[in-house]
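J.: File name run_1.txt; file contents compact mmCIF, C-alpha atoms; full text below.
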# COMPACT_ATOMS: atom_id res chain seq x y z
CA MET Q 1 -131.50 107.91 138.54
CA LYS Q 2 -134.96 108.12 140.05
CA PHE Q 3 -136.40 105.17 138.09
CA LYS Q 4 -136.67 102.01 140.22
CA PRO Q 5 -137.16 98.74 138.31
CA ASN Q 6 -139.46 96.04 139.63
CA GLY Q 7 -138.37 92.63 140.90
CA SER Q 8 -134.94 91.48 139.77
CA TRP Q 9 -134.58 93.83 136.81
CA VAL Q 10 -131.34 95.81 136.33
CA VAL Q 11 -130.94 99.14 134.50
CA LEU Q 12 -127.76 99.62 132.44
CA PRO Q 13 -126.58 102.34 130.04
CA ASP Q 14 -127.29 101.58 126.38
CA PRO Q 15 -123.90 100.93 124.70
CA THR Q 16 -125.32 101.27 121.18
CA ILE Q 17 -123.46 103.90 119.18
CA THR Q 18 -125.36 105.39 116.25
CA LYS Q 19 -122.72 107.98 115.40
CA THR Q 20 -118.92 107.82 115.49
CA GLU Q 21 -116.76 110.47 117.17
CA SER Q 22 -115.94 111.86 113.72
CA GLY Q 23 -119.66 112.26 112.91
CA ILE Q 24 -120.27 109.22 110.69
CA ILE Q 25 -123.81 107.89 111.18
CA LEU Q 26 -123.86 104.10 111.49
CA ASP Q 27 -126.57 101.89 110.04
CA GLU Q 28 -128.67 99.69 112.36
CA THR Q 29 -126.59 96.54 111.74
CA SER Q 30 -123.29 98.30 112.50
CA SER Q 31 -124.78 99.87 115.63
CA LYS Q 32 -125.94 96.48 116.96
CA GLU Q 33 -122.60 94.80 116.21
CA ASN Q 34 -120.73 97.60 117.98
CA ALA Q 35 -123.02 97.30 121.03
CA LYS Q 36 -122.35 93.55 121.27
CA ARG Q 37 -118.65 94.29 121.73
CA LYS Q 38 -119.43 96.60 124.67
CA ASN Q 39 -120.91 94.22 127.19
CA ILE Q 40 -119.10 95.56 130.28
CA LEU Q 41 -121.45 98.11 131.84
CA GLU Q 42 -122.16 99.91 135.12
CA VAL Q 43 -125.34 99.10 137.06
CA LEU Q 44 -127.47 102.26 137.33
CA ALA Q 45 -130.54 100.93 139.19
CA ILE Q 46 -131.82 97.61 140.54
CA GLY Q 47 -135.12 96.12 141.62
CA ASP Q 48 -135.87 95.10 145.21
CA MET Q 49 -135.34 91.39 144.50
CA CYS Q 50 -131.78 91.71 143.13
CA THR Q 51 -129.34 89.77 145.29
CA PHE Q 52 -126.20 89.56 143.14
CA VAL Q 53 -125.53 93.17 142.13
CA LYS Q 54 -125.85 96.64 143.59
CA VAL Q 55 -125.90 100.09 142.03
CA GLY Q 56 -122.41 101.08 140.89
CA ASP Q 57 -121.19 97.52 140.22
CA THR Q 58 -119.49 96.87 136.89
CA VAL Q 59 -121.05 93.82 135.23
CA MET Q 60 -120.59 91.65 132.16
CA VAL Q 61 -123.78 91.03 130.20
CA ASP Q 62 -124.20 88.10 127.84
CA PRO Q 63 -123.87 89.76 124.37
CA ARG Q 64 -126.76 87.60 123.10
CA THR Q 65 -129.12 88.98 125.74
CA GLU Q 66 -132.41 90.43 124.56
CA ALA Q 67 -132.80 93.58 126.61
CA VAL Q 68 -135.67 96.02 126.97
CA LYS Q 69 -134.56 99.34 125.45
CA THR Q 70 -136.09 102.41 127.01
CA ARG Q 71 -135.64 106.15 127.05
CA ILE Q 72 -135.70 107.98 130.39
CA ASN Q 73 -135.06 111.72 130.64
CA ASP Q 74 -133.75 111.85 127.05
CA LYS Q 75 -131.17 109.08 127.62
CA ASP Q 76 -131.25 105.50 126.33
CA TYR Q 77 -131.03 102.59 128.76
CA LEU Q 78 -131.23 98.81 128.76
CA ILE Q 79 -133.23 96.83 131.29
CA VAL Q 80 -132.17 93.20 131.74
CA GLY Q 81 -132.95 90.45 134.20
CA GLU Q 82 -130.32 89.95 136.89
CA HIS Q 83 -129.97 86.32 135.76
CA GLN Q 84 -128.63 87.58 132.39
CA LEU Q 85 -125.50 89.00 134.01
CA LEU Q 86 -122.44 86.80 133.59
CA GLY Q 87 -120.41 88.30 136.43
CA LYS Q 88 -119.33 91.46 138.23
CA TRP Q 89 -116.25 93.34 139.43
Please render this file's structure as structure tokens.
T.:
Amino acid sequence: MKFKPNGSWVVLPDPTITKTESGIILDETSSKENAKRKNILEVLAIGDMCTFVKVGDTVMVDPRTEAVKTRINDKDYLIVGEHQLLGKW
């Protein structure tokens, strides 16, 4: 990923699923509930001020976290503050 977040921001893949493997399109509420269950994600990019995580770490994000959703190169991502991470592996 070429995008570099500022400060202590962390870029994660967006776990929201809008369509099941069998092709069923989920409504917005179902999509959000499904995403909350998938709060273990890989760090894709970090800002210069991040001290706890590095790119490639697997982290647990608080499911109640309000993240910035963005689209980069036709893929959806979440940007969260490093302080919103609950832990890492």
J.: May I have the residues within 8 Å of Val61 in chain Q as a list of chain:residue names, using all atoms listed in the file and disregarding those fewer than 3 positions away in the same chain?
T.: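 Counting all atoms listed in the file, the residues come to Q:Asn39, Q:Ile40, Q:Leu41, Q:Thr65, Q:Gln84, Q:Leu85, Q:Leu86, Q:Gly87.
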J.: Would you mind listing what lies within 12 Å of Met1 in chain Q as number ranges by chain, with all atoms listed in the file counted and same-chain residues fewer than 5 positions away left out?
T.: Q: 11-13, 43-46, 55-56, 72-73, 75, 77
J.: Might you pull out every residue within 12 Å of Met49 in chain Q, with all atoms listed in the file counted and same-chain residues fewer than 2 positions away left off, and present them as a VMD selection string?
T.: chain Q and resid 4 to 10 45 to 47 51 to 54 81 to 83
J.: Name the residues, using the chain letters and numbers of the file, that sit within 7 Å of (-127.3, 99.8, 123.8) when counting all atoms listed in the file, and give them as a list in words.
T.: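 These residues have at least one counted atom within 7 Å: Pro13, Asp14, Pro15, Thr16, Ala35, Tyr77 and Leu78 of chain Q.
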J.: Can you measure CA of Val80 in chain Q to CA of Asp62 in chain Q for me? One decimal in Å is fine.
T.: 10.2 Å
J.: Which is closest to Thr58 in chain Q among Q:Glu42, Q:Phe3, Q:Ser22, Q:Asp76, if we use only C-alpha atoms?
T.: Q:Glu42
J.: Find, counting all atoms listed in the file, the residue in Q:Asp57, Q:Cys50, Q:Arg71, Q:Arg64 that gets nearest to Lys38 in chain Q.
T.: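 Residue with the minimum atom-to-atom distance to Lys38 in chain Q: Q:Arg64.
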